[in-house]
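Just final_32.csv here, CSV, C-alpha atoms:
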chain,number,residue,atom,x,y,z
A,203,MET,CA,-38.5,23.5,41.3
A,204,PRO,CA,-37.2,20.5,39.5
A,205,SER,CA,-35.3,17.9,41.4
A,206,ASN,CA,-34.1,19.5,44.6
A,207,ILE,CA,-31.0,17.6,45.4
A,208,GLY,CA,-31.6,15.2,48.3
A,209,ALA,CA,-35.3,16.0,48.6
A,210,ASN,CA,-36.4,12.4,47.8
A,211,ASP,CA,-33.8,11.0,50.3
A,212,ILE,CA,-35.2,13.2,53.1
A,213,ILE,CA,-38.8,12.4,52.2
A,214,ASP,CA,-38.0,8.6,52.3
A,215,GLU,CA,-35.9,8.8,55.4
A,216,LEU,CA,-38.5,10.7,57.4
A,217,ASP,CA,-41.4,8.7,55.8
A,218,LEU,CA,-43.1,11.9,54.9
A,219,ASN,CA,-46.5,11.8,53.2
A,220,VAL,CA,-45.4,14.0,50.2
A,221,GLU,CA,-46.2,13.5,46.5
A,222,PRO,CA,-44.3,15.4,43.9
A,223,VAL,CA,-46.1,17.5,41.2
A,224,GLU,CA,-45.7,16.4,37.6
A,225,GLU,CA,-44.1,19.7,36.4
A,226,PRO,CA,-42.0,22.1,38.3
A,227,VAL,CA,-43.7,25.1,39.8
A,228,ARG,CA,-40.8,27.4,38.9
A,229,VAL,CA,-37.5,27.0,37.1
A,230,ASN,CA,-34.8,29.5,37.9
A,231,PRO,CA,-31.7,30.1,35.8
A,232,THR,CA,-28.3,29.2,37.2
A,233,TYR,CA,-25.3,31.5,36.8
A,234,PHE,CA,-21.6,31.2,37.3
A,235,VAL,CA,-20.1,34.3,39.0
A,236,LEU,CA,-16.6,35.2,37.7
A,237,ALA,CA,-14.4,38.1,38.3
A,238,PRO,CA,-14.3,40.7,35.5
A,239,ASP,CA,-10.7,39.7,34.6
A,240,GLN,CA,-11.7,36.1,34.0
A,241,GLU,CA,-12.9,36.5,30.4
A,242,ASP,CA,-10.8,33.5,29.2
A,243,LEU,CA,-12.4,31.3,31.9
A,244,LYS,CA,-15.9,32.6,30.9
A,245,THR,CA,-15.2,31.7,27.3
A,246,ALA,CA,-13.9,28.2,28.2
A,247,VAL,CA,-16.9,27.5,30.4
A,248,ASP,CA,-19.4,28.7,27.8
A,249,GLU,CA,-17.7,26.6,25.1
A,250,GLY,CA,-17.6,23.5,27.4
A,251,ILE,CA,-21.2,23.8,28.4
A,252,LYS,CA,-22.2,24.2,24.7
A,253,GLU,CA,-20.3,21.2,23.7
A,254,LEU,CA,-21.7,19.1,26.6
A,255,LYS,CA,-25.2,20.1,25.6
A,256,GLU,CA,-24.7,19.4,21.9
A,257,ASN,CA,-23.2,15.9,22.4
A,258,GLY,CA,-25.8,14.9,24.9
A,259,ARG,CA,-23.5,14.5,27.9
A,260,LEU,CA,-25.2,17.4,29.8
A,261,LYS,CA,-28.5,15.5,29.7
A,262,GLU,CA,-26.7,12.2,30.8
A,263,LEU,CA,-25.1,13.9,33.7
A,264,SER,CA,-28.4,15.5,34.7
A,265,GLU,CA,-30.2,12.2,34.6
A,266,LYS,CA,-27.4,10.5,36.6
A,267,TRP,CA,-27.3,13.1,39.4
A,268,TYR,CA,-30.8,14.5,39.4
A,269,GLY,CA,-32.8,11.5,38.1
A,270,GLU,CA,-34.2,13.5,35.2
A,271,ASP,CA,-33.1,15.8,32.4
A,272,MET,CA,-33.2,19.2,34.1
A,273,PHE,CA,-32.6,20.9,30.8
A,274,GLN,CA,-36.0,19.9,29.4
A,275,TYR,CA,-37.7,22.7,31.3
A,276,GLU,CA,-38.1,26.3,30.1
A,277,ILE,CA,-36.8,29.0,32.5
A,278,THR,CA,-39.7,30.6,34.4
A,279,GLU,CA,-40.1,34.3,33.6
A,280,SER,CA,-40.2,36.6,36.7
I'd like the structure from this file rewritten - as structure tokens, please.
Amino acid sequence: MPSNIGANDIIDELDLNVEPVEEPVRVNPTYFVLAPDQEDLKTAVDEGIKELKENGRLKELSEKWYGEDMFQYEITES
């Protein structure tokens, strides 16, 4: 999976002999879980994510926190 948070820190700290693969083995989708009565929140979240993606900020945040653009990968089909 792409960029497991903290994995590189653990590998470095424990001096593990681990080499990452070039491409992720599997890419899972991520979901927000909201109550059925939170339709306004769902709409706001959807619009916010769409705007962040369109203006490039989502990519910037991904690179800052994960070290790469996590959104470059296609979701793996089950």
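The list of residues with at least one atom within 12 Å of region 250-257 of chain A, based on all atoms listed in the file and without residues fewer than 3 positions apart in the same chain, reads Phe234, Leu243, Lys244, Thr245, Ala246, Val247, Leu260, Lys261, Glu262, Leu263, Ser264, Asp271, Met272, Phe273 and Gln274 of chain A.
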>> I'd like the interatomic distance between CA of Glu225 (chain A) and CA of Gly269 (chain A), to a tenth of an Å.
In response: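 Separating CA of Glu225 (chain A) from CA of Gly269 (chain A) is a distance of 14.1 Å.
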CA of Val229 (chain A) sits from CA of Tyr275 (chain A) at a separation of 7.2 Å
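A straight line drawn from CA of Asp214 (chain A) to CA of Glu270 (chain A) is 18.2 Å long.
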Please produce region 244-261 of chain A, completed to N, CA, C and O atoms, as an mmCIF file, keeping the file's coordinate frame.
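Final file, part-v7.cif:
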data_model
loop_
_atom_site.group_PDB
_atom_site.id
_atom_site.type_symbol
_atom_site.label_atom_id
_atom_site.label_comp_id
_atom_site.auth_asym_id
_atom_site.auth_seq_id
_atom_site.Cartn_x
_atom_site.Cartn_y
_atom_site.Cartn_z
ATOM 1 N N LYS A 244 -14.464 32.458 31.341
ATOM 2 C CA LYS A 244 -15.900 32.600 30.900
ATOM 3 C C LYS A 244 -16.028 31.925 29.531
ATOM 4 O O LYS A 244 -16.953 31.144 29.302
ATOM 5 N N THR A 245 -15.130 32.249 28.614
ATOM 6 C CA THR A 245 -15.200 31.700 27.300
ATOM 7 C C THR A 245 -15.063 30.173 27.298
ATOM 8 O O THR A 245 -15.822 29.453 26.628
ATOM 9 N N ALA A 246 -14.113 29.661 28.087
ATOM 10 C CA ALA A 246 -13.900 28.200 28.200
ATOM 11 C C ALA A 246 -15.124 27.516 28.776
ATOM 12 O O ALA A 246 -15.547 26.453 28.286
ATOM 13 N N VAL A 247 -15.715 28.105 29.816
ATOM 14 C CA VAL A 247 -16.900 27.500 30.400
ATOM 15 C C VAL A 247 -18.066 27.516 29.454
ATOM 16 O O VAL A 247 -18.759 26.508 29.278
ATOM 17 N N ASP A 248 -18.296 28.640 28.786
ATOM 18 C CA ASP A 248 -19.400 28.700 27.800
ATOM 19 C C ASP A 248 -19.214 27.687 26.700
ATOM 20 O O ASP A 248 -20.178 26.995 26.334
ATOM 21 N N GLU A 249 -17.996 27.551 26.182
ATOM 22 C CA GLU A 249 -17.700 26.600 25.100
ATOM 23 C C GLU A 249 -17.908 25.147 25.612
ATOM 24 O O GLU A 249 -18.467 24.302 24.914
ATOM 25 N N GLY A 250 -17.434 24.880 26.833
ATOM 26 C CA GLY A 250 -17.600 23.500 27.400
ATOM 27 C C GLY A 250 -19.014 23.144 27.606
ATOM 28 O O GLY A 250 -19.419 22.026 27.263
ATOM 29 N N ILE A 251 -19.820 24.051 28.144
ATOM 30 C CA ILE A 251 -21.200 23.800 28.400
ATOM 31 C C ILE A 251 -21.953 23.553 27.045
ATOM 32 O O ILE A 251 -22.774 22.643 26.897
ATOM 33 N N LYS A 252 -21.638 24.377 26.061
ATOM 34 C CA LYS A 252 -22.200 24.200 24.700
ATOM 35 C C LYS A 252 -21.926 22.872 24.139
ATOM 36 O O LYS A 252 -22.809 22.182 23.623
ATOM 37 N N GLU A 253 -20.667 22.453 24.242
ATOM 38 C CA GLU A 253 -20.300 21.200 23.700
ATOM 39 C C GLU A 253 -20.961 20.013 24.456
ATOM 40 O O GLU A 253 -21.451 19.063 23.827
ATOM 41 N N LEU A 254 -21.030 20.092 25.778
ATOM 42 C CA LEU A 254 -21.700 19.100 26.600
ATOM 43 C C LEU A 254 -23.181 18.959 26.211
ATOM 44 O O LEU A 254 -23.749 17.862 26.158
ATOM 45 N N LYS A 255 -23.800 20.093 25.949
ATOM 46 C CA LYS A 255 -25.200 20.100 25.600
ATOM 47 C C LYS A 255 -25.395 19.472 24.194
ATOM 48 O O LYS A 255 -26.279 18.643 23.985
ATOM 49 N N GLU A 256 -24.540 19.867 23.246
ATOM 50 C CA GLU A 256 -24.700 19.400 21.900
ATOM 51 C C GLU A 256 -24.399 17.876 21.760
ATOM 52 O O GLU A 256 -25.051 17.192 20.976
ATOM 53 N N ASN A 257 -23.471 17.337 22.547
ATOM 54 C CA ASN A 257 -23.200 15.900 22.400
ATOM 55 C C ASN A 257 -23.998 15.027 23.352
ATOM 56 O O ASN A 257 -23.793 13.823 23.412
ATOM 57 N N GLY A 258 -24.936 15.636 24.095
ATOM 58 C CA GLY A 258 -25.800 14.900 24.900
ATOM 59 C C GLY A 258 -25.317 14.531 26.321
ATOM 60 O O GLY A 258 -26.030 13.957 27.143
ATOM 61 N N ARG A 259 -24.087 14.891 26.600
ATOM 62 C CA ARG A 259 -23.500 14.500 27.900
ATOM 63 C C ARG A 259 -24.127 15.325 29.041
ATOM 64 O O ARG A 259 -24.264 14.802 30.141
ATOM 65 N N LEU A 260 -24.535 16.554 28.789
ATOM 66 C CA LEU A 260 -25.200 17.400 29.800
ATOM 67 C C LEU A 260 -26.471 16.686 30.294
ATOM 68 O O LEU A 260 -26.740 16.584 31.495
ATOM 69 N N LYS A 261 -27.239 16.179 29.346
ATOM 70 C CA LYS A 261 -28.500 15.500 29.700
ATOM 71 C C LYS A 261 -28.142 14.198 30.481
ATOM 72 O O LYS A 261 -28.800 13.905 31.481
#
